[in-house]
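This is start.cif (mmCIF, C-alpha atoms).
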```cif
data_work
loop_
_atom_site.label_atom_id
_atom_site.label_comp_id
_atom_site.auth_asym_id
_atom_site.auth_seq_id
_atom_site.Cartn_x
_atom_site.Cartn_y
_atom_site.Cartn_z
CA MET A 1075 23.32 -9.42 11.46
CA THR A 1076 20.07 -10.87 10.19
CA THR A 1077 18.06 -8.98 7.63
CA LEU A 1078 14.35 -9.51 7.17
CA LEU A 1079 12.87 -8.83 3.76
CA ALA A 1080 9.08 -8.66 3.48
CA ILE A 1081 7.79 -9.29 -0.04
CA GLY A 1082 4.20 -8.34 -0.72
CA THR A 1083 2.77 -9.94 -3.84
CA GLN A 1084 -0.49 -10.18 -5.71
CA LYS A 1085 -1.13 -13.53 -3.97
CA GLY A 1086 0.39 -13.34 -0.54
CA LEU A 1087 3.19 -12.11 1.68
CA PHE A 1088 6.57 -13.83 1.72
CA LEU A 1089 9.20 -13.27 4.40
CA ALA A 1090 12.84 -13.81 3.53
CA THR A 1091 15.82 -13.68 5.87
CA SER A 1092 19.54 -13.46 5.34
CA ASP A 1093 22.17 -14.25 7.99
CA ASP A 1094 25.25 -13.64 5.84
CA ASP A 1095 25.21 -9.93 5.12
CA ARG A 1096 22.47 -10.24 2.50
CA ARG A 1097 24.30 -12.65 0.21
CA THR A 1098 21.93 -15.62 0.48
CA TRP A 1099 18.29 -15.76 1.48
CA GLN A 1100 15.82 -18.19 2.96
CA VAL A 1101 12.28 -17.55 1.77
CA GLY A 1102 9.34 -18.81 3.79
CA PRO A 1103 5.88 -19.88 2.65
CA ALA A 1104 3.10 -17.46 1.76
CA HIS A 1105 1.20 -15.66 4.48
CA PHE A 1106 -2.34 -14.57 3.57
CA SER A 1107 -2.15 -16.78 0.49
CA GLY A 1108 -4.34 -15.57 -2.33
CA THR A 1109 -4.64 -12.01 -1.09
CA ALA A 1110 -2.80 -9.01 -2.48
CA ILE A 1111 -0.30 -7.30 -0.18
CA TYR A 1112 0.01 -3.81 -1.59
CA THR A 1113 2.25 -2.57 1.19
CA VAL A 1114 3.96 -3.62 4.39
CA GLY A 1115 4.87 -1.28 7.21
CA VAL A 1116 7.67 -1.97 9.67
CA ASP A 1117 7.61 -0.15 12.99
CA THR A 1118 10.96 -0.34 14.72
CA SER A 1119 10.11 1.93 17.66
CA GLY A 1120 9.43 -1.01 20.00
CA PRO A 1121 11.65 -3.80 21.36
CA ARG A 1122 11.00 -5.94 18.26
CA PRO A 1123 9.97 -4.82 14.80
CA ARG A 1124 6.24 -4.78 14.29
CA LEU A 1125 5.08 -5.86 10.85
CA LEU A 1126 1.89 -4.36 9.50
CA ALA A 1127 0.59 -6.00 6.35
CA ALA A 1128 -2.05 -4.41 4.15
CA VAL A 1129 -4.11 -7.49 3.33
CA ASP A 1130 -6.30 -6.91 0.30
CA ASN A 1131 -8.92 -9.56 -0.31
CA SER A 1132 -10.82 -8.91 -3.49
CA HIS A 1133 -13.94 -10.58 -2.10
CA PHE A 1134 -13.88 -9.46 1.49
CA GLY A 1135 -12.17 -6.10 1.48
CA PRO A 1136 -8.99 -4.56 2.84
CA SER A 1137 -7.54 -4.87 6.32
CA ILE A 1138 -4.31 -4.54 8.25
CA ALA A 1139 -2.81 -7.51 10.06
CA VAL A 1140 -0.15 -6.99 12.72
CA SER A 1141 2.66 -9.27 13.83
CA ASP A 1142 4.99 -8.71 16.76
CA ASP A 1143 6.88 -11.97 16.26
CA LEU A 1144 8.21 -11.48 12.75
CA GLY A 1145 5.33 -13.24 11.08
CA GLU A 1146 4.97 -16.27 13.35
CA THR A 1147 1.48 -15.07 14.27
CA TRP A 1148 -0.76 -12.31 12.99
CA GLU A 1149 -3.56 -10.41 14.64
CA GLU A 1150 -6.46 -8.53 13.17
CA PRO A 1151 -8.95 -6.50 15.18
CA ASP A 1152 -12.68 -7.22 15.15
CA SER A 1153 -13.44 -3.79 13.74
CA ALA A 1154 -12.01 -2.73 10.41
CA PRO A 1155 -8.73 -1.02 11.36
CA VAL A 1156 -8.91 1.48 8.51
CA ALA A 1157 -12.42 2.67 7.72
CA PHE A 1158 -14.20 5.88 6.88
CA PRO A 1159 -16.50 7.16 9.61
CA ASP A 1160 -20.27 7.35 9.24
CA GLY A 1161 -21.23 10.18 6.97
CA ALA A 1162 -17.98 10.29 5.03
CA GLY A 1163 -19.74 8.79 2.05
CA ALA A 1164 -16.85 6.55 1.09
CA SER A 1165 -15.46 3.12 1.80
CA VAL A 1166 -11.82 2.05 1.86
CA GLU A 1167 -11.12 0.13 -1.31
CA ARG A 1168 -7.43 -0.49 -0.78
CA ILE A 1169 -4.61 0.41 1.59
CA TRP A 1170 -1.60 1.61 -0.37
CA GLN A 1171 0.85 2.66 2.29
CA ILE A 1172 1.63 2.05 5.98
CA VAL A 1173 4.32 4.22 7.57
CA PRO A 1174 5.36 4.80 11.19
CA GLY A 1175 5.21 8.38 12.40
CA ALA A 1176 7.85 10.24 14.35
CA GLU A 1177 6.24 9.44 17.71
CA PRO A 1178 6.13 5.91 19.15
CA GLY A 1179 2.82 4.22 18.45
CA VAL A 1180 1.86 6.55 15.63
CA ILE A 1181 1.25 4.85 12.30
CA TYR A 1182 -0.12 6.42 9.14
CA ALA A 1183 -2.04 4.64 6.41
CA GLY A 1184 -2.83 5.92 2.92
CA SER A 1185 -5.86 4.63 1.11
CA GLN A 1186 -7.82 4.40 -2.09
CA PRO A 1187 -9.84 6.60 -2.43
CA SER A 1188 -7.29 9.24 -1.55
CA ALA A 1189 -7.29 9.64 2.20
CA LEU A 1190 -4.91 9.56 5.12
CA PHE A 1191 -5.55 7.71 8.37
CA ARG A 1192 -3.68 7.98 11.67
CA SER A 1193 -3.22 5.40 14.41
CA THR A 1194 -1.97 6.12 17.91
CA ASP A 1195 -2.08 2.50 19.08
CA GLY A 1196 0.56 1.02 16.86
CA GLY A 1197 -1.67 0.30 13.91
CA ARG A 1198 -4.57 -1.58 15.48
CA SER A 1199 -7.08 1.19 14.87
CA PHE A 1200 -6.95 4.29 12.70
CA GLU A 1201 -8.87 7.54 12.43
CA LEU A 1202 -9.46 9.53 9.28
CA VAL A 1203 -7.28 12.65 9.03
CA ARG A 1204 -10.12 15.05 8.42
CA GLY A 1205 -7.98 17.96 7.32
CA LEU A 1206 -6.96 16.19 4.14
CA TRP A 1207 -10.30 14.49 3.49
CA ASP A 1208 -12.17 17.78 3.80
CA HIS A 1209 -9.71 19.66 1.60
CA PRO A 1210 -11.53 21.80 -0.97
CA HIS A 1211 -9.37 20.34 -3.74
CA ARG A 1212 -10.58 16.79 -3.12
CA PRO A 1213 -13.41 16.79 -5.68
CA GLU A 1214 -10.81 17.59 -8.33
CA TRP A 1215 -8.36 14.84 -7.41
CA GLY A 1216 -8.45 12.21 -10.12
CA ALA A 1217 -7.44 8.62 -10.58
CA GLY A 1218 -4.24 7.33 -12.08
CA PHE A 1219 -4.14 4.04 -13.97
CA GLY A 1220 -3.90 2.19 -10.68
CA GLY A 1221 -6.75 4.04 -9.00
CA GLN A 1222 -7.01 7.18 -6.89
CA ALA A 1223 -4.86 6.81 -3.82
CA VAL A 1224 -2.58 8.35 -1.24
CA HIS A 1225 0.41 6.13 -1.94
CA THR A 1226 3.23 8.09 -0.29
CA ILE A 1227 3.43 9.26 3.32
CA LEU A 1228 6.53 11.01 4.63
CA PRO A 1229 6.40 12.01 8.28
CA HIS A 1230 9.14 14.44 9.25
CA PRO A 1231 11.75 12.46 11.22
CA THR A 1232 11.84 14.86 14.19
CA ASP A 1233 8.80 17.13 13.89
CA PRO A 1234 5.55 15.21 14.48
CA ALA A 1235 3.51 18.16 13.21
CA SER A 1236 5.17 18.08 9.80
CA LEU A 1237 3.87 15.61 7.26
CA LEU A 1238 3.93 15.19 3.49
CA VAL A 1239 1.76 12.96 1.33
CA ALA A 1240 1.58 12.28 -2.40
CA MET A 1241 -1.35 11.01 -4.35
CA SER A 1242 -2.21 10.02 -7.88
CA THR A 1243 -3.60 12.21 -9.12
CA GLY A 1244 -3.43 15.36 -7.04
CA GLY A 1245 0.28 15.52 -6.35
CA VAL A 1246 2.15 16.50 -3.21
CA TYR A 1247 0.43 18.03 -0.17
CA ARG A 1248 2.01 19.16 3.08
CA SER A 1249 0.82 19.83 6.59
CA SER A 1250 2.75 21.67 9.29
CA ASP A 1251 0.12 21.36 12.00
CA GLY A 1252 -0.22 17.63 12.47
CA GLY A 1253 -2.68 17.15 9.62
CA GLU A 1254 -5.19 19.84 10.56
CA SER A 1255 -4.57 21.79 7.36
CA TRP A 1256 -2.91 20.94 4.06
CA ALA A 1257 -1.51 22.84 1.12
CA PRO A 1258 -0.35 21.61 -2.29
CA ALA A 1259 3.40 21.60 -2.92
CA ASN A 1260 3.84 20.96 -6.64
CA LYS A 1261 5.57 24.07 -7.91
CA GLY A 1262 7.88 22.96 -10.71
CA ILE A 1263 6.32 19.52 -11.20
CA LYS A 1264 4.88 19.17 -14.67
CA ALA A 1265 1.47 17.70 -15.49
CA TYR A 1266 1.84 17.28 -19.24
CA PHE A 1267 -1.59 15.67 -19.45
CA MET A 1268 -3.42 18.82 -18.34
CA PRO A 1269 -4.27 21.93 -20.38
CA ASP A 1270 -2.13 23.98 -18.02
CA PRO A 1271 0.92 21.74 -17.55
CA TRP A 1272 2.02 23.64 -14.43
CA PRO A 1273 -1.06 23.53 -12.21
CA GLU A 1274 -1.16 24.15 -8.48
CA PHE A 1275 -2.29 20.54 -8.02
CA GLY A 1276 -3.40 17.60 -10.12
CA GLN A 1277 0.03 16.13 -10.86
CA CYS A 1278 0.52 12.39 -11.02
CA VAL A 1279 3.41 11.98 -8.61
CA HIS A 1280 4.36 8.31 -8.38
CA ARG A 1281 6.62 8.38 -5.32
CA VAL A 1282 8.48 10.80 -3.08
CA ALA A 1283 11.51 9.95 -0.93
CA ARG A 1284 13.08 12.04 1.80
CA ASP A 1285 16.81 12.49 2.16
CA ALA A 1286 17.95 10.78 5.35
CA ALA A 1287 20.45 13.47 6.30
CA ASP A 1288 18.49 16.56 5.25
CA PRO A 1289 14.74 16.33 5.84
CA THR A 1290 14.09 19.37 3.65
CA ARG A 1291 15.53 17.58 0.63
CA LEU A 1292 13.02 15.49 -1.26
CA TYR A 1293 13.12 13.40 -4.42
CA ALA A 1294 10.10 12.64 -6.61
CA GLN A 1295 9.49 10.16 -9.39
CA ASN A 1296 6.65 11.60 -11.40
CA HIS A 1297 4.46 10.36 -14.26
CA HIS A 1298 7.16 11.59 -16.60
CA GLY A 1299 9.55 13.74 -14.64
CA VAL A 1300 12.11 13.18 -11.89
CA TYR A 1301 12.55 16.03 -9.43
CA ARG A 1302 14.38 17.26 -6.36
CA SER A 1303 13.27 19.80 -3.82
CA SER A 1304 15.81 21.43 -1.54
CA ASP A 1305 13.27 23.46 0.39
CA GLY A 1306 10.89 20.87 1.77
CA GLY A 1307 8.66 20.96 -1.29
CA ASP A 1308 8.32 24.71 -1.80
CA SER A 1309 9.76 24.21 -5.27
CA TRP A 1310 10.98 21.34 -7.43
CA GLN A 1311 13.74 21.11 -10.03
CA SER A 1312 14.28 18.44 -12.65
CA ILE A 1313 16.99 15.85 -12.00
CA ALA A 1314 16.12 13.69 -14.98
CA GLU A 1315 18.76 14.98 -17.37
CA THR A 1316 21.23 12.10 -17.02
CA LEU A 1317 18.65 9.34 -16.66
CA PRO A 1318 17.71 7.27 -19.71
CA SER A 1319 14.04 8.13 -19.11
CA ASP A 1320 12.00 10.31 -16.80
CA PHE A 1321 9.25 7.71 -16.39
CA GLY A 1322 9.06 5.10 -13.66
CA PHE A 1323 7.49 4.37 -10.32
CA PRO A 1324 9.87 3.91 -7.36
CA MET A 1325 12.23 6.39 -5.76
CA VAL A 1326 14.17 5.41 -2.63
CA ALA A 1327 16.75 7.18 -0.52
CA HIS A 1328 19.75 5.85 1.37
CA PRO A 1329 18.96 5.33 5.07
CA SER A 1330 21.80 7.58 6.25
CA ARG A 1331 24.05 8.94 3.46
CA PRO A 1332 22.94 12.30 2.09
CA GLY A 1333 22.20 12.63 -1.59
CA VAL A 1334 22.16 8.89 -2.37
CA ILE A 1335 19.03 7.71 -4.19
CA TRP A 1336 17.85 4.94 -6.52
CA ASN A 1337 15.12 4.47 -9.10
CA PHE A 1338 14.17 2.11 -11.91
CA PRO A 1339 13.44 3.99 -15.15
CA LEU A 1340 10.87 2.75 -17.64
CA THR A 1341 10.77 3.86 -21.23
CA ALA A 1342 7.53 5.83 -21.19
CA ASP A 1343 3.94 5.96 -20.07
CA SER A 1344 2.95 4.19 -23.28
CA LYS A 1345 5.92 1.78 -23.14
CA ARG A 1346 6.08 0.48 -19.63
CA HIS A 1347 9.18 -1.65 -19.83
CA PRO A 1348 12.77 -1.01 -18.73
CA THR A 1349 14.76 1.36 -20.87
CA GLU A 1350 16.59 -0.45 -23.69
CA LEU A 1351 14.81 -3.57 -22.37
CA ARG A 1352 17.57 -3.96 -19.81
CA CYS A 1353 17.11 -4.73 -16.14
CA ARG A 1354 18.92 -1.77 -14.62
CA VAL A 1355 18.75 0.24 -11.45
CA PHE A 1356 20.02 3.80 -11.51
CA ARG A 1357 21.77 5.42 -8.56
CA SER A 1358 22.80 8.96 -7.87
CA THR A 1359 25.25 9.91 -5.14
CA ASP A 1360 24.89 13.66 -5.64
CA ALA A 1361 21.17 14.15 -5.12
CA GLY A 1362 20.29 13.50 -8.71
CA ASP A 1363 22.73 15.69 -10.63
CA LYS A 1364 24.29 12.59 -12.15
CA TRP A 1365 22.94 9.06 -12.34
CA GLU A 1366 24.82 5.84 -12.92
CA GLU A 1367 23.62 2.45 -14.07
CA GLN A 1368 23.82 -0.47 -11.65
CA SER A 1369 23.18 -3.85 -13.21
CA SER A 1370 25.95 -6.22 -12.14
CA GLY A 1371 24.30 -9.53 -11.34
CA LEU A 1372 20.90 -8.58 -12.76
CA PRO A 1373 19.37 -10.55 -15.65
CA GLY A 1374 20.76 -9.91 -19.11
CA GLY A 1375 18.96 -9.98 -22.43
CA PRO A 1376 15.65 -8.43 -23.28
CA TYR A 1377 13.84 -7.69 -20.06
CA TYR A 1378 10.24 -6.54 -19.87
CA PRO A 1379 8.99 -6.69 -16.26
CA VAL A 1380 8.44 -3.44 -14.39
CA VAL A 1381 9.04 -2.38 -10.80
CA LEU A 1382 6.06 -0.82 -9.05
CA ARG A 1383 6.23 2.18 -6.75
CA ASP A 1384 6.32 0.25 -3.48
CA ALA A 1385 8.46 -2.60 -4.82
CA MET A 1386 11.85 -0.99 -4.20
CA CYS A 1387 13.40 -0.18 -0.83
CA THR A 1388 16.56 0.11 1.20
CA ASP A 1389 17.26 -1.44 4.57
CA ASP A 1390 18.58 0.35 7.66
CA ALA A 1391 22.20 -0.84 7.56
CA GLY A 1392 25.17 1.52 7.39
CA THR A 1393 26.21 0.01 4.08
CA ALA A 1394 22.73 0.02 2.73
CA GLY A 1395 21.02 -2.94 1.23
CA VAL A 1396 18.85 -2.17 -1.78
CA TYR A 1397 15.99 -4.39 -2.91
CA PHE A 1398 13.44 -4.53 -5.68
CA GLY A 1399 10.82 -6.90 -6.97
CA THR A 1400 9.20 -7.13 -10.38
CA ARG A 1401 5.83 -7.97 -11.77
CA ALA A 1402 7.40 -11.19 -13.01
CA GLY A 1403 7.79 -12.35 -9.43
CA GLU A 1404 11.54 -11.89 -9.11
CA VAL A 1405 13.21 -10.18 -6.16
CA PHE A 1406 16.77 -8.88 -6.27
CA ALA A 1407 18.98 -7.71 -3.41
CA SER A 1408 22.22 -5.80 -3.13
CA GLY A 1409 24.24 -5.69 0.06
CA ASP A 1410 26.65 -3.11 -1.30
CA GLU A 1411 24.45 -0.20 -2.24
CA GLY A 1412 23.65 -1.48 -5.70
CA GLU A 1413 27.18 -2.31 -6.87
CA SER A 1414 26.25 -5.98 -7.25
CA TRP A 1415 22.97 -7.88 -7.13
CA THR A 1416 21.80 -11.36 -6.27
CA THR A 1417 18.46 -13.03 -6.84
CA VAL A 1418 16.55 -13.51 -3.60
CA VAL A 1419 13.74 -15.51 -5.18
CA ALA A 1420 12.02 -16.00 -8.54
CA HIS A 1421 8.69 -17.30 -9.71
CA LEU A 1422 6.62 -15.55 -7.08
CA PRO A 1423 3.37 -13.79 -8.01
CA ASP A 1424 3.68 -10.16 -9.14
CA VAL A 1425 5.66 -8.25 -6.53
CA LEU A 1426 3.76 -5.23 -5.24
CA SER A 1427 5.89 -4.16 -2.27
CA VAL A 1428 9.15 -4.84 -0.45
CA ARG A 1429 10.44 -3.75 2.97
CA ALA A 1430 13.74 -4.64 4.63
CA VAL A 1431 14.97 -4.23 8.18
CA SER A 1432 17.80 -5.51 10.35
CA ILE A 1433 16.56 -7.78 13.11
CA MET B 1366 -35.37 -18.38 13.49
CA PRO B 1367 -33.39 -17.48 10.34
CA VAL B 1368 -30.19 -19.33 9.61
CA LEU B 1369 -27.14 -17.79 7.94
CA LEU B 1370 -24.92 -20.19 6.02
CA VAL B 1371 -21.24 -19.25 6.25
CA PRO B 1372 -18.93 -20.13 3.33
CA GLY B 1373 -15.92 -22.21 4.22
CA VAL B 1374 -13.50 -19.39 3.58
CA LEU B 1375 -15.18 -17.23 6.26
CA ARG B 1376 -15.85 -19.81 8.95
CA ALA B 1377 -12.80 -18.79 10.96
CA GLU B 1378 -14.55 -15.46 11.49
CA ALA B 1379 -17.55 -17.25 12.99
CA GLY B 1380 -15.76 -19.54 15.40
CA GLY B 1381 -15.68 -22.31 12.80
CA ALA B 1382 -19.46 -22.48 12.45
CA SER B 1383 -21.05 -23.23 9.09
CA ARG B 1384 -24.57 -22.26 10.26
CA LEU B 1385 -25.45 -19.34 12.46
CA GLU B 1386 -28.84 -19.08 14.11
CA ILE B 1387 -30.02 -15.49 13.99
CA THR B 1388 -32.60 -14.13 16.41
CA ALA B 1389 -33.48 -11.09 14.29
CA SER B 1390 -35.78 -11.32 11.30
CA GLY B 1391 -37.90 -9.03 9.18
CA SER B 1392 -35.24 -7.87 6.77
CA LEU B 1393 -31.77 -8.73 5.56
CA ALA B 1394 -30.57 -5.49 7.15
CA ALA B 1395 -31.75 -6.68 10.55
CA VAL B 1396 -30.00 -10.02 10.11
CA LEU B 1397 -26.72 -8.44 9.06
CA ALA B 1398 -26.92 -5.95 11.90
CA GLU B 1399 -27.08 -8.84 14.35
CA VAL B 1400 -24.15 -10.51 12.59
CA GLY B 1401 -22.25 -7.25 13.09
CA GLU B 1402 -22.89 -7.33 16.83
CA ARG B 1403 -22.15 -11.00 17.40
CA TRP B 1404 -19.49 -11.74 14.75
CA PRO B 1405 -18.00 -8.37 13.81
CA ARG B 1406 -15.12 -9.74 11.77
CA LEU B 1407 -17.52 -11.85 9.71
CA ALA B 1408 -19.74 -8.83 9.21
CA ARG B 1409 -17.00 -6.62 7.86
CA ARG B 1410 -16.05 -9.26 5.31
CA ILE B 1411 -19.63 -9.14 4.02
CA ARG B 1412 -20.29 -5.38 4.14
CA ASP B 1413 -18.09 -2.31 3.96
CA GLU B 1414 -18.05 0.43 6.57
CA GLN B 1415 -20.93 2.25 4.90
CA GLY B 1416 -23.10 -0.85 5.20
CA ALA B 1417 -23.07 -1.85 1.54
CA VAL B 1418 -22.65 -5.52 0.69
CA ARG B 1419 -19.20 -5.84 -0.86
CA ARG B 1420 -19.06 -5.88 -4.63
CA TYR B 1421 -17.85 -9.45 -4.89
CA VAL B 1422 -19.96 -10.94 -2.13
CA ASN B 1423 -23.42 -12.26 -2.92
CA VAL B 1424 -26.12 -12.76 -0.30
CA TYR B 1425 -29.04 -15.02 -1.13
CA VAL B 1426 -32.26 -15.08 0.88
CA ASP B 1427 -34.14 -18.32 0.39
CA GLY B 1428 -32.25 -18.86 -2.84
CA GLU B 1429 -32.85 -15.41 -4.30
CA ASP B 1430 -30.00 -12.99 -4.91
CA SER B 1431 -30.75 -10.06 -2.64
CA ARG B 1432 -29.35 -7.65 -5.21
CA ARG B 1433 -32.20 -8.67 -7.51
CA THR B 1434 -34.87 -8.46 -4.85
CA ALA B 1435 -34.87 -5.56 -2.42
CA GLY B 1436 -31.24 -5.40 -1.33
CA LEU B 1437 -30.93 -4.93 2.41
CA ASP B 1438 -34.70 -4.50 2.58
CA THR B 1439 -35.24 -8.03 1.32
CA PRO B 1440 -37.77 -9.68 3.66
CA VAL B 1441 -36.44 -12.37 5.97
CA ALA B 1442 -38.96 -14.72 7.57
CA GLU B 1443 -38.56 -16.77 10.75
CA GLY B 1444 -37.56 -19.83 8.76
CA SER B 1445 -35.50 -18.11 6.10
CA GLU B 1446 -32.10 -19.31 5.01
CA ILE B 1447 -29.50 -16.66 4.19
CA GLN B 1448 -26.54 -17.82 2.21
CA VAL B 1449 -23.35 -15.80 1.83
CA LEU B 1450 -21.25 -16.74 -1.18
CA PRO B 1451 -18.14 -15.20 -2.72
CA SER B 1452 -18.86 -14.04 -6.27
CA VAL B 1453 -17.35 -15.86 -9.20
CA ALA B 1454 -15.81 -12.48 -9.97
CA GLY B 1455 -13.11 -11.61 -7.47
CA GLY B 1456 -10.59 -13.96 -5.92
CA SER B 1457 -6.91 -13.97 -6.75
CA ARG B 1458 -5.97 -12.23 -9.95
CA PRO B 1459 -4.84 -14.59 -12.69
#
```

Would you mind writing the structure in this file as structure tokens?
Amino acid sequence: MTTLLAIGTQKGLFLATSDDDRRTWQVGPAHFSGTAIYTVGVDTSGPRPRLLAAVDNSHFGPSIAVSDDLGETWEEPDSAPVAFPDGAGASVERIWQIVPGAEPGVIYAGSQPSALFRSTDGGRSFELVRGLWDHPHRPEWGAGFGGQAVHTILPHPTDPASLLVAMSTGGVYRSSDGGESWAPANKGIKAYFMPDPWPEFGQCVHRVARDAADPTRLYAQNHHGVYRSSDGGDSWQSIAETLPSDFGFPMVAHPSRPGVIWNFPLTADSKRHPTELRCRVFRSTDAGDKWEEQSSGLPGGPYYPVVLRDAMCTDDAGTAGVYFGTRAGEVFASGDEGESWTTVVAHLPDVLSVRAVSI
Amino acid sequence: MPVLLVPGVLRAEAGGASRLEITASGSLAAVLAEVGERWPRLARRIRDEQGAVRRYVNVYVDGEDSRRTAGLDTPVAEGSEIQVLPSVAGGSRP
């Protein structure tokens, strides 16, 4: 089995491969050198994985480049693939997320400012999802420290009409009619930074993951707060009690085992470094009731770099691989569900995103 | 006819050309509209989807920064030279 690991950084995209069950890695040269790759989508619905890279050029704007040959060649359309229509009064500043939908050829993109776009041609062109853009709450959605963006998109695995997004700030919104209408789904998620800390919307949700075995079970890493929903987002309950901190950015779920999730806690909003200054991943195998540290093979000693929301992922293997990259340009991989870790590569630019897939 | 000078980093979007002869004149908007029709990928590097010149792209008409003249309404004469340059702000983050 060969595993492909796409590493999006502040200054380019790097593709790594492993042919020995994720023990050793070969890392190729930078694609799109000098541009920030905030996210990479991988569409596995076709005969070969399609890579979709969000290429963010600070001079010349954002775009999406597509490769059907695992990065040998890339294509970009003449027209901007993700763009607001005339009259929307906004321009895409950054693409934060690219996710395949439940139907072949459907790809979703989340942007800054907060908006959702949908493609039906495999990611070559997108249309604004008007239902979310025209939502009456939109004027009240704010910006997190990283900007105002839809950074999480969770299509339902079997129901194309069911879709969940998360944005900072604004929180979680759901649609059950293919994006025509949307409703907030933040009951139980705290917004400590607001006068009413339990608002209907306005939360700063950093990431949501969906349980692979039970699509109604969701896990959220919040701007202080870690939560689980067992009812598709109708309500949320804290699962932070046995974590060293409730702050952090990523949250990922096992590709097939129910209740297995990972995150990377940071001390606090005002102290954005790993808890106890130790490079540690935390895993739960019971949907967040209990968490355990996983650090075998990770760097020892005082450790300051952070892991951003899109910089942790799992692959699609039965015994899941887990991956994360740091703002210090290091990428770590585990081929045994986090029990042990190896360094894929170091000294890259800040890692913004990682994606892994068996090829 | 006006000439648009393409910076090296964008020449791939213009078939490798460093100079583009433009048939339209009158205003910078007219010139950039023609660029959009003939070299759409070049055009979207210069302007966003609402037509605004990107924050970190500067467009000079006969040596004058169009942001300090009349923006997209800056007059462009038959012999004008339009130069597109990436701003010193922008580029890869340190």

Check: which chain A residues lie within 12 Å of chain B using all atoms listed in the file, as a PyMOL selection string: chain A and resi 1083-1086+1106-1111+1130-1137+1149-1168+1423-1424

Selection result for the PyMOL selection byres ((chain A and resi 1402-1414) around 8) on this file, as a PyMOL selection string: chain A and resi 1083+1095-1097+1355+1357+1368-1372+1379-1380+1393-1401+1415-1425

Near A:Gln1186, counting only C-alpha atoms, which residues have an atom at most 10 Å away, once you skip same-chain residues fewer than 4 positions from it, shown as a PDB file with C-alpha atoms, in the frame of the given file?
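What landed in selection_14.pdb:
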```
ATOM      1  CA  ALA A1164     -16.850   6.550   1.090  1.00  0.00           C
ATOM      2  CA  SER A1165     -15.460   3.120   1.800  1.00  0.00           C
ATOM      3  CA  VAL A1166     -11.820   2.050   1.860  1.00  0.00           C
ATOM      4  CA  GLU A1167     -11.120   0.130  -1.310  1.00  0.00           C
ATOM      5  CA  ARG A1168      -7.430  -0.490  -0.780  1.00  0.00           C
ATOM      6  CA  ILE A1169      -4.610   0.410   1.590  1.00  0.00           C
ATOM      7  CA  TRP A1170      -1.600   1.610  -0.370  1.00  0.00           C
ATOM      8  CA  GLN A1171       0.850   2.660   2.290  1.00  0.00           C
ATOM      9  CA  LEU A1190      -4.910   9.560   5.120  1.00  0.00           C
ATOM     10  CA  ALA A1217      -7.440   8.620 -10.580  1.00  0.00           C
ATOM     11  CA  GLY A1220      -3.900   2.190 -10.680  1.00  0.00           C
ATOM     12  CA  GLY A1221      -6.750   4.040  -9.000  1.00  0.00           C
ATOM     13  CA  GLN A1222      -7.010   7.180  -6.890  1.00  0.00           C
ATOM     14  CA  ALA A1223      -4.860   6.810  -3.820  1.00  0.00           C
ATOM     15  CA  VAL A1224      -2.580   8.350  -1.240  1.00  0.00           C
ATOM     16  CA  HIS A1225       0.410   6.130  -1.940  1.00  0.00           C
ATOM     17  CA  MET A1241      -1.350  11.010  -4.350  1.00  0.00           C
ATOM     18  CA  SER A1242      -2.210  10.020  -7.880  1.00  0.00           C
TER      19      SER A1242
END
```

Neighbour list for A:Arg1248 as a list in words, cut-off 9 Å, all atoms listed in the file, skip fewer than 5 positions in-chain: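 Neighbouring residues, sequence-local ones excluded: Ser1236, Leu1237, Leu1238, Val1239, Ala1240, Gly1253, Ser1255, Trp1256, Ala1257, Pro1258, Ala1259 and Gly1307 of chain A.
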
Counting all atoms listed in the file, the residue of B:Ser1383, B:Thr1388, B:Leu1369, B:Val1374 that sits nearest B:Tyr1425: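 Among the listed residues, B:Leu1369 lies closest to B:Tyr1425.
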
Residues within 7 Å of (4.1, 7.4, -14.5), counting only C-alpha atoms, listed as a ChimeraX atom specification: /A:1280,1296-1298,1321-1323,1343

Atoms to include: C-alpha atoms. Write the selected residues as a short mmCIF file (atom, residue, chain, number, x, y, z; two decimals), in the frame of the given file.
```cif
data_model
loop_
_atom_site.label_atom_id
_atom_site.label_comp_id
_atom_site.auth_asym_id
_atom_site.auth_seq_id
_atom_site.Cartn_x
_atom_site.Cartn_y
_atom_site.Cartn_z
CA HIS A 1280 4.36 8.31 -8.38
CA ASN A 1296 6.65 11.60 -11.40
CA HIS A 1297 4.46 10.36 -14.26
CA HIS A 1298 7.16 11.59 -16.60
CA PHE A 1321 9.25 7.71 -16.39
CA GLY A 1322 9.06 5.10 -13.66
CA PHE A 1323 7.49 4.37 -10.32
CA ASP A 1343 3.94 5.96 -20.07
#
```

One-decimal distance in Å that lies between atom CA of A:Val1326 and atom CA of A:Arg1284: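 The value is 8.0 Å.
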
Proximity to B:Asp1430 - best of B:Glu1399, B:Leu1393, B:Gly1444, B:Ala1379, all atoms listed in the file: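 Checking each candidate against B:Asp1430, we get B:Leu1393 as the closest.
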